[in-house]
Structure formats: C-alpha cells, structure tokens
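Asker: Sharing a structure with you now.
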Amino acid sequence: MDVVALEGLELRAPVGVYPFERDILQRIRVSLRAELDLTAAGRSDALGDGLDYDRLAAACREVAAAKHHRLIESIAAEIVARVLQEHEAVEAVWVRVEKPGAVPDAEQVAVELRRERRKPRTGLFGGGR
C-alpha cells in the first residue's frame with residue numbers, strides 16, 4: 001500500500017487536564033500517514049487522483065481547535081475518524097500527536113493510533129445478504 005505522510009504539523013490547541021493548561025493554548029505536533037493506492041495519481045499527475053495535503057492539514061487544525069480536549073488521545077482519535085470519513089480512498093490511517101513539555105524532564109509525550117477502514121462483511125457467514 002502507498003502512503004501520504006504529513007510530518008510534524010505544529011499547532012496550538014486547547015488541551016489539558018489541569019486548570020493552568022486550560023488558560024493558554026498548548027503546543028502540540030501532529031504527524032499522519034494515510035495508506036491508499038496512489039497508482040492513478042502517479043500516472044495522471046492530477047490532484048483529484050491523490051490526497052490533498054492541505055486538506056489533511058486543515059482537518060488536523062480544525063479537530064485540534066474545535067473544542068477543549070482533556071487528552072491528546074482524544075485529538076488523535078478524532079483526526080483518524082475524520083480522515084477515514086472524508087477520504088474514501090484511504091484504507092488505513094496512522095496518527096501521532098505529541099505534546100512537548102507535558103512531563104518535566106521529558107522532551108515530550110505522544111500517542112499513536114492506527115485504524116483501518118472496516119470492510120463490509122459478505123458471504124454465508126459475513127452477515128451480508
């Protein structure tokens with residue numbers, strides 16, 4: 001499977017459990033990998049046959065800014081769900097959300113999620129009739 005990657009998108013987001021974290025926007029970094037077939041895009045050189053990087057970045061920005069998240073896990077889960085919902089050609093998504101300085105003496109904390117598109121079940125035992 002082919003991959004479109006977005007690495008190290010720097011964002012400010014309302015995220016955190018503690019009161020002091022809610023007073024100012026927190027710095028986070030998002031990286032994303034979308035797995036899909038890029039054969040047509042490679043042949044046509046047309047944006048419509050691939051995945052629009054700006055649209056991926058915009059989705060990450062919108063999810064991060066849409067509401068106050070307590071956990072970066074929540075931001076990651078919403079980004080993954082949105083990419084799978086909005087981009088039918090994407091078969092799997094991996095996202096990493098980092099929060100620099102979240103723990104003293106650590107450069108950052110991060111969560112990583114990977115989700116695959118669920119394929120409809122068909123056949124005798126698959127439930128599809």
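Residue numbers start at 1 in each chain; chains themselves are named A, B, ... in the order of the structure tokens; ligands are numbered from 1 in the order shown.
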When you look at Val3 (chain A) with a cut-off of 9 Å (counting only C-alpha atoms), what residues show up, excluding the ones that are within fewer than 4 positions of it in the same chain? I need them as a list in words.

Answerer: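 Near neighbours after the sequence-gap exclusion: Arg33, Ala34, Glu35, Leu36, Asp37 and Leu38 of chain A.
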
Asker: Report as a PyMOL selection string all protein, DNA and RNA residues lying within 12 Å of Glu21 (chain A), evaluated on only C-alpha atoms, omitting residues in the same chain fewer than 5 positions from it.

Answerer: chain A and resi 12-16+26-27+68-71+99+101-102

Asker: Any chance you could export the current selection's C-alpha atoms as a PDB file, in the first residue's frame?

Answerer:
ATOM      1  CA  ARG A  12      -1.736  25.348  19.290  1.00  0.00           C
ATOM      2  CA  ALA A  13      -4.742  23.665  20.859  1.00  0.00           C
ATOM      3  CA  PRO A  14      -6.921  23.889  23.950  1.00  0.00           C
ATOM      4  CA  VAL A  15      -5.795  20.614  25.514  1.00  0.00           C
ATOM      5  CA  GLY A  16      -5.038  19.553  29.048  1.00  0.00           C
ATOM      6  CA  GLN A  26      -0.918  24.266  24.360  1.00  0.00           C
ATOM      7  CA  ARG A  27       1.676  23.396  21.751  1.00  0.00           C
ATOM      8  CA  HIS A  68     -11.182  21.764  24.609  1.00  0.00           C
ATOM      9  CA  HIS A  69      -9.742  18.259  24.711  1.00  0.00           C
ATOM     10  CA  ARG A  70      -8.545  16.890  28.007  1.00  0.00           C
ATOM     11  CA  LEU A  71      -6.284  14.288  26.366  1.00  0.00           C
ATOM     12  CA  LYS A  99       2.721  17.388  23.454  1.00  0.00           C
ATOM     13  CA  GLY A 101       6.920  19.709  27.706  1.00  0.00           C
ATOM     14  CA  ALA A 102       3.920  17.882  29.142  1.00  0.00           C
TER      15      ALA A 102
END

Asker: What is the CA of Glu86 (chain A)-CA of Tyr53 (chain A) distance in Å, reported with one decimal?

Answerer: 13.1 Å

Asker: Assign secondary structure with DSSP using the backbone only, and return the residues of chain A in strand (DSSP E or B) as a compact mmCIF listing (two decimals) with N, CA, C and O atoms, in the first residue's frame.

Answerer:
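So part.txt came out as:
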# COMPACT_ATOMS: atom_id res chain seq x y z
N ASP A 2 0.44 2.27 -0.68
CA ASP A 2 1.18 3.53 -0.77
C ASP A 2 0.82 4.41 0.43
O ASP A 2 -0.19 4.19 1.09
N VAL A 3 1.64 5.42 0.68
CA VAL A 3 1.45 6.27 1.86
C VAL A 3 1.60 7.74 1.49
O VAL A 3 2.54 8.11 0.79
N VAL A 4 0.70 8.56 2.00
CA VAL A 4 0.85 10.01 2.00
C VAL A 4 1.13 10.38 3.45
O VAL A 4 0.38 9.98 4.35
N ALA A 5 2.22 11.11 3.68
CA ALA A 5 2.64 11.45 5.04
C ALA A 5 2.64 12.95 5.25
O ALA A 5 3.02 13.72 4.37
N LEU A 6 2.20 13.33 6.42
CA LEU A 6 2.25 14.71 6.89
C LEU A 6 3.03 14.65 8.20
O LEU A 6 2.59 14.00 9.15
N GLU A 7 4.18 15.30 8.25
CA GLU A 7 5.07 15.16 9.40
C GLU A 7 5.23 16.46 10.18
O GLU A 7 5.51 17.51 9.59
N GLY A 8 5.04 16.40 11.48
CA GLY A 8 5.39 17.50 12.37
C GLY A 8 4.59 18.78 12.19
O GLY A 8 5.16 19.87 12.31
N LEU A 9 3.29 18.67 11.97
CA LEU A 9 2.44 19.85 11.86
C LEU A 9 2.34 20.52 13.23
O LEU A 9 1.83 19.93 14.18
N GLU A 10 2.86 21.73 13.35
CA GLU A 10 2.87 22.46 14.63
C GLU A 10 1.56 23.19 14.83
O GLU A 10 1.15 23.98 13.97
N LEU A 11 0.89 22.93 15.95
CA LEU A 11 -0.40 23.54 16.24
C LEU A 11 -0.45 24.05 17.67
O LEU A 11 0.35 23.63 18.52
N ARG A 12 -1.39 24.92 17.93
CA ARG A 12 -1.74 25.35 19.29
C ARG A 12 -3.17 24.90 19.51
O ARG A 12 -4.03 25.13 18.66
N ALA A 13 -3.41 24.24 20.63
CA ALA A 13 -4.74 23.67 20.86
C ALA A 13 -5.14 23.79 22.32
O ALA A 13 -4.28 23.74 23.21
N VAL A 15 -5.88 22.00 25.07
CA VAL A 15 -5.80 20.61 25.51
C VAL A 15 -5.09 20.55 26.86
O VAL A 15 -4.09 21.21 27.09
N GLN A 26 -2.08 25.13 24.19
CA GLN A 26 -0.92 24.27 24.36
C GLN A 26 -0.31 23.93 23.00
O GLN A 26 -1.03 23.77 22.01
N ARG A 27 0.98 23.78 22.98
CA ARG A 27 1.68 23.40 21.75
C ARG A 27 1.55 21.89 21.56
O ARG A 27 1.83 21.12 22.49
N ILE A 28 1.12 21.49 20.37
CA ILE A 28 1.11 20.07 20.01
C ILE A 28 1.71 19.93 18.61
O ILE A 28 1.80 20.90 17.86
N ARG A 29 2.10 18.72 18.29
CA ARG A 29 2.66 18.41 16.97
C ARG A 29 1.93 17.17 16.46
O ARG A 29 1.82 16.18 17.19
N VAL A 30 1.47 17.23 15.21
CA VAL A 30 0.72 16.12 14.63
C VAL A 30 1.47 15.57 13.41
O VAL A 30 1.92 16.34 12.55
N SER A 31 1.60 14.27 13.36
CA SER A 31 2.11 13.57 12.17
C SER A 31 1.07 12.54 11.78
O SER A 31 0.40 11.95 12.63
N LEU A 32 0.93 12.34 10.47
CA LEU A 32 -0.13 11.49 9.97
C LEU A 32 0.38 10.73 8.75
O LEU A 32 1.15 11.26 7.95
N ARG A 33 -0.06 9.48 8.64
CA ARG A 33 0.23 8.67 7.45
C ARG A 33 -1.09 8.05 7.00
O ARG A 33 -1.76 7.38 7.78
N ALA A 34 -1.42 8.31 5.76
CA ALA A 34 -2.64 7.75 5.17
C ALA A 34 -2.24 6.73 4.13
O ALA A 34 -1.44 7.02 3.23
N GLU A 35 -2.78 5.52 4.26
CA GLU A 35 -2.47 4.44 3.33
C GLU A 35 -3.57 4.33 2.28
O GLU A 35 -4.75 4.22 2.62
N LEU A 36 -3.16 4.40 1.02
CA LEU A 36 -4.10 4.30 -0.10
C LEU A 36 -3.33 3.95 -1.35
O LEU A 36 -2.11 4.00 -1.38
N HIS A 69 -9.98 19.68 24.49
CA HIS A 69 -9.74 18.26 24.71
C HIS A 69 -8.96 18.12 26.02
O HIS A 69 -8.04 18.89 26.27
N ALA A 92 -6.23 3.00 5.54
CA ALA A 92 -5.78 2.99 6.93
C ALA A 92 -5.12 4.33 7.23
O ALA A 92 -4.59 4.99 6.32
N VAL A 93 -5.17 4.72 8.50
CA VAL A 93 -4.58 5.98 8.94
C VAL A 93 -3.79 5.73 10.21
O VAL A 93 -4.26 5.03 11.12
N TRP A 94 -2.61 6.30 10.27
CA TRP A 94 -1.80 6.32 11.48
C TRP A 94 -1.62 7.78 11.84
O TRP A 94 -1.35 8.61 10.97
N VAL A 95 -1.81 8.12 13.10
CA VAL A 95 -1.59 9.49 13.55
C VAL A 95 -0.80 9.48 14.84
O VAL A 95 -0.98 8.59 15.68
N ARG A 96 0.08 10.45 14.97
CA ARG A 96 0.87 10.65 16.18
C ARG A 96 0.63 12.08 16.64
O ARG A 96 0.80 13.01 15.84
N VAL A 97 0.22 12.25 17.89
CA VAL A 97 0.06 13.57 18.47
C VAL A 97 1.05 13.69 19.62
O VAL A 97 1.04 12.87 20.54
N GLU A 98 1.89 14.70 19.54
CA GLU A 98 2.91 14.94 20.55
C GLU A 98 2.57 16.21 21.33
O GLU A 98 2.03 17.16 20.76
N LYS A 99 2.89 16.20 22.62
CA LYS A 99 2.72 17.39 23.45
C LYS A 99 4.05 17.67 24.14
O LYS A 99 4.37 17.09 25.18
N PRO A 100 4.85 18.54 23.52
CA PRO A 100 6.15 18.86 24.11
C PRO A 100 6.01 19.50 25.48
O PRO A 100 5.09 20.30 25.72
N GLN A 108 8.93 15.29 25.45
CA GLN A 108 7.51 15.31 25.06
C GLN A 108 6.84 14.02 25.46
O GLN A 108 7.50 13.05 25.79
N VAL A 109 5.52 14.03 25.39
CA VAL A 109 4.74 12.81 25.46
C VAL A 109 4.03 12.70 24.12
O VAL A 109 3.84 13.70 23.42
N ALA A 110 3.66 11.49 23.76
CA ALA A 110 3.00 11.30 22.47
C ALA A 110 2.08 10.09 22.53
O ALA A 110 2.29 9.18 23.33
N VAL A 111 1.06 10.13 21.68
CA VAL A 111 0.22 8.96 21.47
C VAL A 111 0.19 8.67 19.98
O VAL A 111 0.31 9.58 19.15
N GLU A 112 0.08 7.40 19.66
CA GLU A 112 -0.02 6.98 18.27
C GLU A 112 -1.21 6.05 18.12
O GLU A 112 -1.40 5.14 18.94
N LEU A 113 -2.02 6.31 17.10
CA LEU A 113 -3.17 5.46 16.80
C LEU A 113 -3.08 5.03 15.34
O LEU A 113 -2.68 5.81 14.49
N ARG A 114 -3.51 3.81 15.06
CA ARG A 114 -3.64 3.34 13.69
C ARG A 114 -4.97 2.63 13.58
O ARG A 114 -5.29 1.76 14.38
N ARG A 115 -5.73 3.04 12.58
CA ARG A 115 -7.03 2.43 12.35
C ARG A 115 -7.17 2.09 10.87
O ARG A 115 -6.72 2.85 10.02
N GLU A 116 -7.81 0.97 10.61
CA GLU A 116 -8.09 0.55 9.25
C GLU A 116 -9.57 0.71 8.97
O GLU A 116 -10.40 0.58 9.87

Asker: What does the distance from CA of Asp49 (chain A) to CA of Glu91 (chain A) come to in Å, to one decimal?

Answerer: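 Separation between CA of Asp49 (chain A) and CA of Glu91 (chain A): 14.8 Å.
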
Asker: Check the DSSP output for the backbone and give back, as a ChimeraX atom specification, the residues of region 39-90 of chain A in alpha helix (DSSP H).

Answerer: /A:39-44,53-66,72-86

Asker: Using the selection just defined, write its residues with N, CA and C atoms as a JSON list (two decimals), in the first residue's frame.

Answerer:
[["chain", "number", "residue", "atom", "x", "y", "z"],
["A", 39, "THR", "N", -1.59, 4.73, -7.45],
["A", 39, "THR", "CA", -1.25, 4.41, -8.84],
["A", 39, "THR", "C", -1.82, 5.43, -9.81],
["A", 40, "ALA", "N", -3.09, 5.75, -9.67],
["A", 40, "ALA", "CA", -3.74, 6.69, -10.60],
["A", 40, "ALA", "C", -3.10, 8.08, -10.51],
["A", 41, "ALA", "N", -2.78, 8.54, -9.31],
["A", 41, "ALA", "CA", -2.15, 9.85, -9.14],
["A", 41, "ALA", "C", -0.77, 9.89, -9.78],
["A", 42, "GLY", "N", -0.05, 8.80, -9.65],
["A", 42, "GLY", "CA", 1.27, 8.72, -10.27],
["A", 42, "GLY", "C", 1.21, 8.79, -11.79],
["A", 43, "ARG", "N", 0.18, 8.21, -12.36],
["A", 43, "ARG", "CA", 0.01, 8.22, -13.81],
["A", 43, "ARG", "C", -0.52, 9.55, -14.32],
["A", 44, "SER", "N", -1.53, 10.09, -13.65],
["A", 44, "SER", "CA", -2.22, 11.27, -14.16],
["A", 44, "SER", "C", -1.58, 12.59, -13.76],
["A", 53, "TYR", "N", -2.85, 17.34, 0.44],
["A", 53, "TYR", "CA", -2.11, 17.52, 1.69],
["A", 53, "TYR", "C", -2.66, 18.69, 2.50],
["A", 54, "ASP", "N", -3.03, 19.77, 1.80],
["A", 54, "ASP", "CA", -3.58, 20.93, 2.51],
["A", 54, "ASP", "C", -4.89, 20.57, 3.23],
["A", 55, "ARG", "N", -5.69, 19.73, 2.59],
["A", 55, "ARG", "CA", -6.95, 19.31, 3.21],
["A", 55, "ARG", "C", -6.70, 18.45, 4.45],
["A", 56, "LEU", "N", -5.68, 17.60, 4.39],
["A", 56, "LEU", "CA", -5.31, 16.80, 5.57],
["A", 56, "LEU", "C", -4.87, 17.71, 6.72],
["A", 57, "ALA", "N", -4.01, 18.68, 6.40],
["A", 57, "ALA", "CA", -3.52, 19.60, 7.43],
["A", 57, "ALA", "C", -4.68, 20.42, 8.01],
["A", 58, "ALA", "N", -5.59, 20.86, 7.15],
["A", 58, "ALA", "CA", -6.75, 21.64, 7.62],
["A", 58, "ALA", "C", -7.61, 20.81, 8.57],
["A", 59, "ALA", "N", -7.81, 19.54, 8.26],
["A", 59, "ALA", "CA", -8.60, 18.67, 9.13],
["A", 59, "ALA", "C", -7.94, 18.55, 10.51],
["A", 60, "CYS", "N", -6.62, 18.41, 10.53],
["A", 60, "CYS", "CA", -5.90, 18.33, 11.81],
["A", 60, "CYS", "C", -6.07, 19.62, 12.60],
["A", 61, "ARG", "N", -5.92, 20.76, 11.93],
["A", 61, "ARG", "CA", -6.09, 22.05, 12.60],
["A", 61, "ARG", "C", -7.50, 22.21, 13.17],
["A", 62, "GLU", "N", -8.49, 21.85, 12.38],
["A", 62, "GLU", "CA", -9.88, 22.01, 12.80],
["A", 62, "GLU", "C", -10.22, 21.13, 13.98],
["A", 63, "VAL", "N", -9.79, 19.88, 13.95],
["A", 63, "VAL", "CA", -10.05, 18.98, 15.08],
["A", 63, "VAL", "C", -9.39, 19.51, 16.35],
["A", 64, "ALA", "N", -8.14, 19.93, 16.24],
["A", 64, "ALA", "CA", -7.41, 20.40, 17.42],
["A", 64, "ALA", "C", -8.04, 21.65, 18.02],
["A", 65, "ALA", "N", -8.58, 22.53, 17.19],
["A", 65, "ALA", "CA", -9.11, 23.81, 17.67],
["A", 65, "ALA", "C", -10.60, 23.78, 17.98],
["A", 66, "ALA", "N", -11.31, 22.73, 17.60],
["A", 66, "ALA", "CA", -12.78, 22.71, 17.67],
["A", 66, "ALA", "C", -13.34, 22.79, 19.09],
["A", 72, "ILE", "N", -4.60, 14.21, 24.63],
["A", 72, "ILE", "CA", -4.17, 14.17, 23.23],
["A", 72, "ILE", "C", -4.68, 12.90, 22.54],
["A", 73, "GLU", "N", -5.03, 11.89, 23.33],
["A", 73, "GLU", "CA", -5.63, 10.69, 22.77],
["A", 73, "GLU", "C", -6.93, 11.01, 22.04],
["A", 74, "SER", "N", -7.69, 11.94, 22.60],
["A", 74, "SER", "CA", -8.96, 12.36, 22.02],
["A", 74, "SER", "C", -8.73, 13.08, 20.69],
["A", 75, "ILE", "N", -7.72, 13.93, 20.64],
["A", 75, "ILE", "CA", -7.40, 14.63, 19.39],
["A", 75, "ILE", "C", -7.01, 13.61, 18.32],
["A", 76, "ALA", "N", -6.15, 12.66, 18.67],
["A", 76, "ALA", "CA", -5.71, 11.64, 17.71],
["A", 76, "ALA", "C", -6.88, 10.83, 17.19],
["A", 77, "ALA", "N", -7.76, 10.40, 18.09],
["A", 77, "ALA", "CA", -8.91, 9.59, 17.68],
["A", 77, "ALA", "C", -9.84, 10.35, 16.74],
["A", 78, "GLU", "N", -10.06, 11.63, 17.01],
["A", 78, "GLU", "CA", -10.93, 12.42, 16.15],
["A", 78, "GLU", "C", -10.30, 12.67, 14.78],
["A", 79, "ILE", "N", -8.99, 12.87, 14.73],
["A", 79, "ILE", "CA", -8.32, 13.05, 13.44],
["A", 79, "ILE", "C", -8.43, 11.79, 12.60],
["A", 80, "VAL", "N", -8.15, 10.64, 13.19],
["A", 80, "VAL", "CA", -8.24, 9.37, 12.47],
["A", 80, "VAL", "C", -9.66, 9.16, 11.92],
["A", 81, "ALA", "N", -10.65, 9.37, 12.76],
["A", 81, "ALA", "CA", -12.04, 9.18, 12.33],
["A", 81, "ALA", "C", -12.40, 10.12, 11.19],
["A", 82, "ARG", "N", -11.96, 11.34, 11.28],
["A", 82, "ARG", "CA", -12.29, 12.31, 10.24],
["A", 82, "ARG", "C", -11.64, 11.96, 8.91],
["A", 83, "VAL", "N", -10.38, 11.57, 8.94],
["A", 83, "VAL", "CA", -9.70, 11.20, 7.69],
["A", 83, "VAL", "C", -10.40, 10.02, 7.03],
["A", 84, "LEU", "N", -10.73, 9.00, 7.80],
["A", 84, "LEU", "CA", -11.43, 7.85, 7.23],
["A", 84, "LEU", "C", -12.81, 8.22, 6.71],
["A", 85, "GLN", "N", -13.48, 9.14, 7.38],
["A", 85, "GLN", "CA", -14.82, 9.55, 6.96],
["A", 85, "GLN", "C", -14.77, 10.39, 5.69],
["A", 86, "GLU", "N", -13.82, 11.29, 5.59],
["A", 86, "GLU", "CA", -13.78, 12.24, 4.47],
["A", 86, "GLU", "C", -13.05, 11.76, 3.23]]

Asker: CA of Val90 (chain A) to CA of Gly48 (chain A): how many Å, to one decimal?

Answerer: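 According to the coordinates, CA of Val90 (chain A) and CA of Gly48 (chain A) are separated by 13.4 Å.
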
Asker: Closest to Asp52 (chain A) among A:Arg118, A:Arg22, A:Lys67, A:His87, using only C-alpha atoms?

Answerer: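 Of A:Arg118, A:Arg22, A:Lys67, A:His87, the one nearest Asp52 (chain A) is A:His87, counting only C-alpha atoms.
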